[in-house]
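Take a look at the structure set out below.
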Amino acid sequence: MEFKKLQKILSEEIAKNRQKNADLLYKKNTKLQLSDAFFCGEDVVKNRKFYEAIQKALKDLKNIFPEERIHVLDAGSGTGILGILALISWADHVVFIEANQQTLAWSKAFIEKIWCWEKSTFYLEDASKILLQKKYHLLISETITIDFQTEDFQKIIKHLKKYLFQQAIIIPESFKLSFTQTDSYKNILSQNAITRKSLWDFQEHTEHIGKDTESLELSWEARLYDGVSLKSWEAISFFNAKTFKKEKIGDEFIWGK
């Protein structure tokens with residue numbers, strides 16, 4: 001199945017099920033609701049970029065592990081779109097990990113409908129805590145915010161890294177965060193960027209900010225794999241930019257939620 005056809009089927013199913021599952025869309029039994037999964041599932045730009053990166057990664061993995069079946073982890077799988085993209089790119093098996101019961105049930109039904117069932121395993125688990133019994137060749141995960149603090153994204157990657165082969169691939173592979181400081185009149189005071197070679201190395205950013213600084217605007221670029229990148233303003237399921245208000249601690253301001 002090609003990407004365009006898969007995305008069309010997924011979007012149609014989401015549209016049909018929004019009313020059918022209206023009572024579950026915003027149920028706050030887990031951190032990310034079914035509505036969040038649907039929102040990400042419909043993001044064509046984001047999904048196409050991940051598809052391109054996943055295809056490149058799987059091609060490389062089949063060369064690195066020529067005698068092995070390629071097994072993939074989709075952590076925080078939502079609608080399952082990223083894991084399905086791996087399956088249509090000829091991954092041998094995908095494990096879908098999702099903590100929201102309604103979201104996982106929806107994705108299982110969708111995956112069964114489009115033929116991938118026999119190559120899929122589903123876990124109703126917290127991806128930052130799940131215990132696995134084997135190692136995997138590819139880990140795919142994502143975040144729907146831009147500050148990397150309101151989700152357990154870094155904890156998921158750090159936890160699951162122990163279940164990867166040494167030459168395994170992680171998508172996304174790194175992030176570049178760009179900060180713009182402004183005063184109360186929205187005048188730009190300074191601009192800088194932080195690049196993290198590895199996602200799990202990302203730490204909360206604390207810096208000295210002058211007394212006239214009122215807010216810090218953040219945008220980002222996710223380096224998915226092998227030259228494929230996704231910028232915050234390209235994808236509908238990510239905010240274009242996020243402004244952090246400052247809370248003064250002594251002579252320092254720390255940015256946060």
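Letters for chains follow the order of the structure tokens (A, B, ...), residue numbers begin at 1 for each chain, and ligand numbers begin at 1 in the order shown.
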Give the strand (DSSP E or B) residues of segment 68-170 of chain A, as assigned by DSSP on the backbone, as an MDAnalysis selection string.
chainID A and resid 71:75 93:98 120:124 136:141 164:170
Using N, CA and C atoms, can you write the selected residues to a file as a PDB file, in the first residue's frame?
ATOM      1  N   HIS A  71      12.650  -5.914  13.469  1.00  0.00           N
ATOM      2  CA  HIS A  71      11.585  -5.690  14.442  1.00  0.00           C
ATOM      3  C   HIS A  71      11.613  -4.229  14.909  1.00  0.00           C
ATOM      4  N   VAL A  72      10.427  -3.648  15.005  1.00  0.00           N
ATOM      5  CA  VAL A  72      10.283  -2.205  15.237  1.00  0.00           C
ATOM      6  C   VAL A  72       9.436  -1.951  16.479  1.00  0.00           C
ATOM      7  N   LEU A  73       9.810  -0.913  17.241  1.00  0.00           N
ATOM      8  CA  LEU A  73       8.996  -0.420  18.349  1.00  0.00           C
ATOM      9  C   LEU A  73       8.364   0.904  17.939  1.00  0.00           C
ATOM     10  N   ASP A  74       7.035   1.004  18.070  1.00  0.00           N
ATOM     11  CA  ASP A  74       6.333   2.275  17.896  1.00  0.00           C
ATOM     12  C   ASP A  74       5.861   2.680  19.286  1.00  0.00           C
ATOM     13  N   ALA A  75       6.587   3.612  19.912  1.00  0.00           N
ATOM     14  CA  ALA A  75       6.353   3.963  21.319  1.00  0.00           C
ATOM     15  C   ALA A  75       5.436   5.165  21.427  1.00  0.00           C
ATOM     16  N   HIS A  93       8.056  -6.919  11.638  1.00  0.00           N
ATOM     17  CA  HIS A  93       7.127  -6.955  12.759  1.00  0.00           C
ATOM     18  C   HIS A  93       7.208  -5.627  13.511  1.00  0.00           C
ATOM     19  N   VAL A  94       6.055  -5.142  13.991  1.00  0.00           N
ATOM     20  CA  VAL A  94       6.009  -3.886  14.745  1.00  0.00           C
ATOM     21  C   VAL A  94       5.281  -4.115  16.064  1.00  0.00           C
ATOM     22  N   VAL A  95       5.878  -3.614  17.142  1.00  0.00           N
ATOM     23  CA  VAL A  95       5.243  -3.623  18.456  1.00  0.00           C
ATOM     24  C   VAL A  95       4.684  -2.223  18.705  1.00  0.00           C
ATOM     25  N   PHE A  96       3.369  -2.155  18.918  1.00  0.00           N
ATOM     26  CA  PHE A  96       2.697  -0.886  19.185  1.00  0.00           C
ATOM     27  C   PHE A  96       2.497  -0.757  20.694  1.00  0.00           C
ATOM     28  N   ILE A  97       3.062   0.307  21.284  1.00  0.00           N
ATOM     29  CA  ILE A  97       2.953   0.545  22.728  1.00  0.00           C
ATOM     30  C   ILE A  97       2.144   1.814  22.954  1.00  0.00           C
ATOM     31  N   GLU A  98       1.043   1.693  23.659  1.00  0.00           N
ATOM     32  CA  GLU A  98       0.158   2.841  23.878  1.00  0.00           C
ATOM     33  C   GLU A  98      -0.496   2.706  25.248  1.00  0.00           C
ATOM     34  N   SER A 120       1.743  -7.553  13.765  1.00  0.00           N
ATOM     35  CA  SER A 120       1.636  -6.550  14.818  1.00  0.00           C
ATOM     36  C   SER A 120       1.429  -7.176  16.191  1.00  0.00           C
ATOM     37  N   THR A 121       2.046  -6.541  17.197  1.00  0.00           N
ATOM     38  CA  THR A 121       1.810  -6.889  18.595  1.00  0.00           C
ATOM     39  C   THR A 121       1.454  -5.608  19.327  1.00  0.00           C
ATOM     40  N   PHE A 122       0.493  -5.697  20.264  1.00  0.00           N
ATOM     41  CA  PHE A 122      -0.006  -4.498  20.935  1.00  0.00           C
ATOM     42  C   PHE A 122       0.164  -4.630  22.443  1.00  0.00           C
ATOM     43  N   TYR A 123       0.682  -3.556  23.069  1.00  0.00           N
ATOM     44  CA  TYR A 123       0.824  -3.518  24.513  1.00  0.00           C
ATOM     45  C   TYR A 123       0.129  -2.276  25.069  1.00  0.00           C
ATOM     46  N   LEU A 124      -0.798  -2.497  26.004  1.00  0.00           N
ATOM     47  CA  LEU A 124      -1.405  -1.391  26.730  1.00  0.00           C
ATOM     48  C   LEU A 124      -0.492  -1.097  27.913  1.00  0.00           C
ATOM     49  N   TYR A 136      15.381  -4.814  19.683  1.00  0.00           N
ATOM     50  CA  TYR A 136      14.726  -4.329  18.472  1.00  0.00           C
ATOM     51  C   TYR A 136      15.710  -3.553  17.608  1.00  0.00           C
ATOM     52  N   HIS A 137      15.345  -3.429  16.328  1.00  0.00           N
ATOM     53  CA  HIS A 137      16.239  -2.801  15.357  1.00  0.00           C
ATOM     54  C   HIS A 137      15.913  -1.321  15.110  1.00  0.00           C
ATOM     55  N   LEU A 138      14.668  -0.939  15.336  1.00  0.00           N
ATOM     56  CA  LEU A 138      14.240   0.430  15.048  1.00  0.00           C
ATOM     57  C   LEU A 138      13.242   0.879  16.110  1.00  0.00           C
ATOM     58  N   LEU A 139      13.479   2.064  16.660  1.00  0.00           N
ATOM     59  CA  LEU A 139      12.550   2.686  17.601  1.00  0.00           C
ATOM     60  C   LEU A 139      12.016   3.961  16.977  1.00  0.00           C
ATOM     61  N   ILE A 140      10.690   4.062  16.892  1.00  0.00           N
ATOM     62  CA  ILE A 140      10.036   5.261  16.364  1.00  0.00           C
ATOM     63  C   ILE A 140       9.170   5.844  17.465  1.00  0.00           C
ATOM     64  N   SER A 141       9.315   7.126  17.705  1.00  0.00           N
ATOM     65  CA  SER A 141       8.456   7.789  18.666  1.00  0.00           C
ATOM     66  C   SER A 141       8.333   9.248  18.247  1.00  0.00           C
ATOM     67  N   LEU A 164      17.402  -1.976  22.502  1.00  0.00           N
ATOM     68  CA  LEU A 164      17.810  -1.838  21.110  1.00  0.00           C
ATOM     69  C   LEU A 164      19.161  -2.511  20.874  1.00  0.00           C
ATOM     70  N   PHE A 165      19.335  -3.052  19.672  1.00  0.00           N
ATOM     71  CA  PHE A 165      20.646  -3.545  19.265  1.00  0.00           C
ATOM     72  C   PHE A 165      21.625  -2.375  19.183  1.00  0.00           C
ATOM     73  N   GLN A 166      22.900  -2.661  19.266  1.00  0.00           N
ATOM     74  CA  GLN A 166      23.911  -1.615  19.256  1.00  0.00           C
ATOM     75  C   GLN A 166      23.830  -0.765  17.989  1.00  0.00           C
ATOM     76  N   GLN A 167      23.528  -1.375  16.859  1.00  0.00           N
ATOM     77  CA  GLN A 167      23.452  -0.635  15.595  1.00  0.00           C
ATOM     78  C   GLN A 167      22.011  -0.260  15.220  1.00  0.00           C
ATOM     79  N   ALA A 168      21.134  -0.284  16.202  1.00  0.00           N
ATOM     80  CA  ALA A 168      19.743   0.077  15.945  1.00  0.00           C
ATOM     81  C   ALA A 168      19.630   1.565  15.625  1.00  0.00           C
ATOM     82  N   ILE A 169      18.495   1.937  15.076  1.00  0.00           N
ATOM     83  CA  ILE A 169      18.228   3.322  14.685  1.00  0.00           C
ATOM     84  C   ILE A 169      17.054   3.856  15.503  1.00  0.00           C
ATOM     85  N   ILE A 170      17.163   5.120  15.907  1.00  0.00           N
ATOM     86  CA  ILE A 170      16.079   5.810  16.600  1.00  0.00           C
ATOM     87  C   ILE A 170      15.598   6.963  15.734  1.00  0.00           C
TER      88      ILE A 170
END
Can you tell me, as a list in words, what residues are no more than 7 Å from Ala91 of chain A when counting only C-alpha atoms, ignoring any on the same chain fewer than 2 positions away?
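Once the nearby chain positions are removed, what remains is Leu58, Ile70, His71, Ala86, Leu87, Ser89 and His93 of chain A.
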Would you mind listing what lies within 8 Å of Leu160 of chain A as a PyMOL selection string, with only C-alpha atoms counted and same-chain residues fewer than 4 positions away left out?
chain A and resi 127-128+156+164
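By chain and then residue number, the residues within 10 Å of Tyr225 of chain A are A:Lys49, A:Phe50, A:Glu52, A:Ala53, A:Ile54, A:Gln55, A:Lys56, A:Ala57, A:Ile169, A:Ile170, A:Ile171, A:Pro172, A:Glu173, A:Ser174, A:Ala222, A:Arg223, A:Gly227, A:Val228, A:Ser229, counting only C-alpha atoms and disregarding those fewer than 2 positions away in sequence.
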Using only C-alpha atoms, which of A:Lys129, A:Gly76, A:Asp92, A:Leu32 sits nearest Cys116 of chain A?
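For Cys116 of chain A, the nearest of the given residues is A:Asp92.
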Taking a cut-off of 7 Å and counting only C-alpha atoms, can you build a table that, for each residue of segment 74-188 of chain A near segment 36-47 of chain A, reports the nearest atom pair and how far apart they are in Å (one decimal), sorted by chain then residue number, as a tab-separated table?
residue	atom	partner	partner_atom	distance
A:Gly78	CA	A:Ala37	CA	4.7
A:Thr79	CA	A:Ala37	CA	5.7
A:Ile81	CA	A:Gly41	CA	6.3
What is the distance between atom CA of Glu125 of chain A and atom CA of Thr103 of chain A, in Å to one decimal?
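A separation of 11.8 Å between them.
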Among segment 56-156 of chain A, which ones does DSSP assign to alpha helix (DSSP H) (computed from the backbone)? Answer as a PyMOL selection string.
chain A and resi 56-64+81-88+101-113+153-156
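Shortest separation to Leu85 of chain A among A:Glu234, A:Asp226, A:Glu68, A:Glu2 occurs at residue A:Glu2, atoms counted being only C-alpha atoms.
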To one decimal place in Å, what is the distance between atom CA of Ile84 of chain A and atom CA of Leu10 of chain A?
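Between these atoms lies a distance of 10.6 Å.
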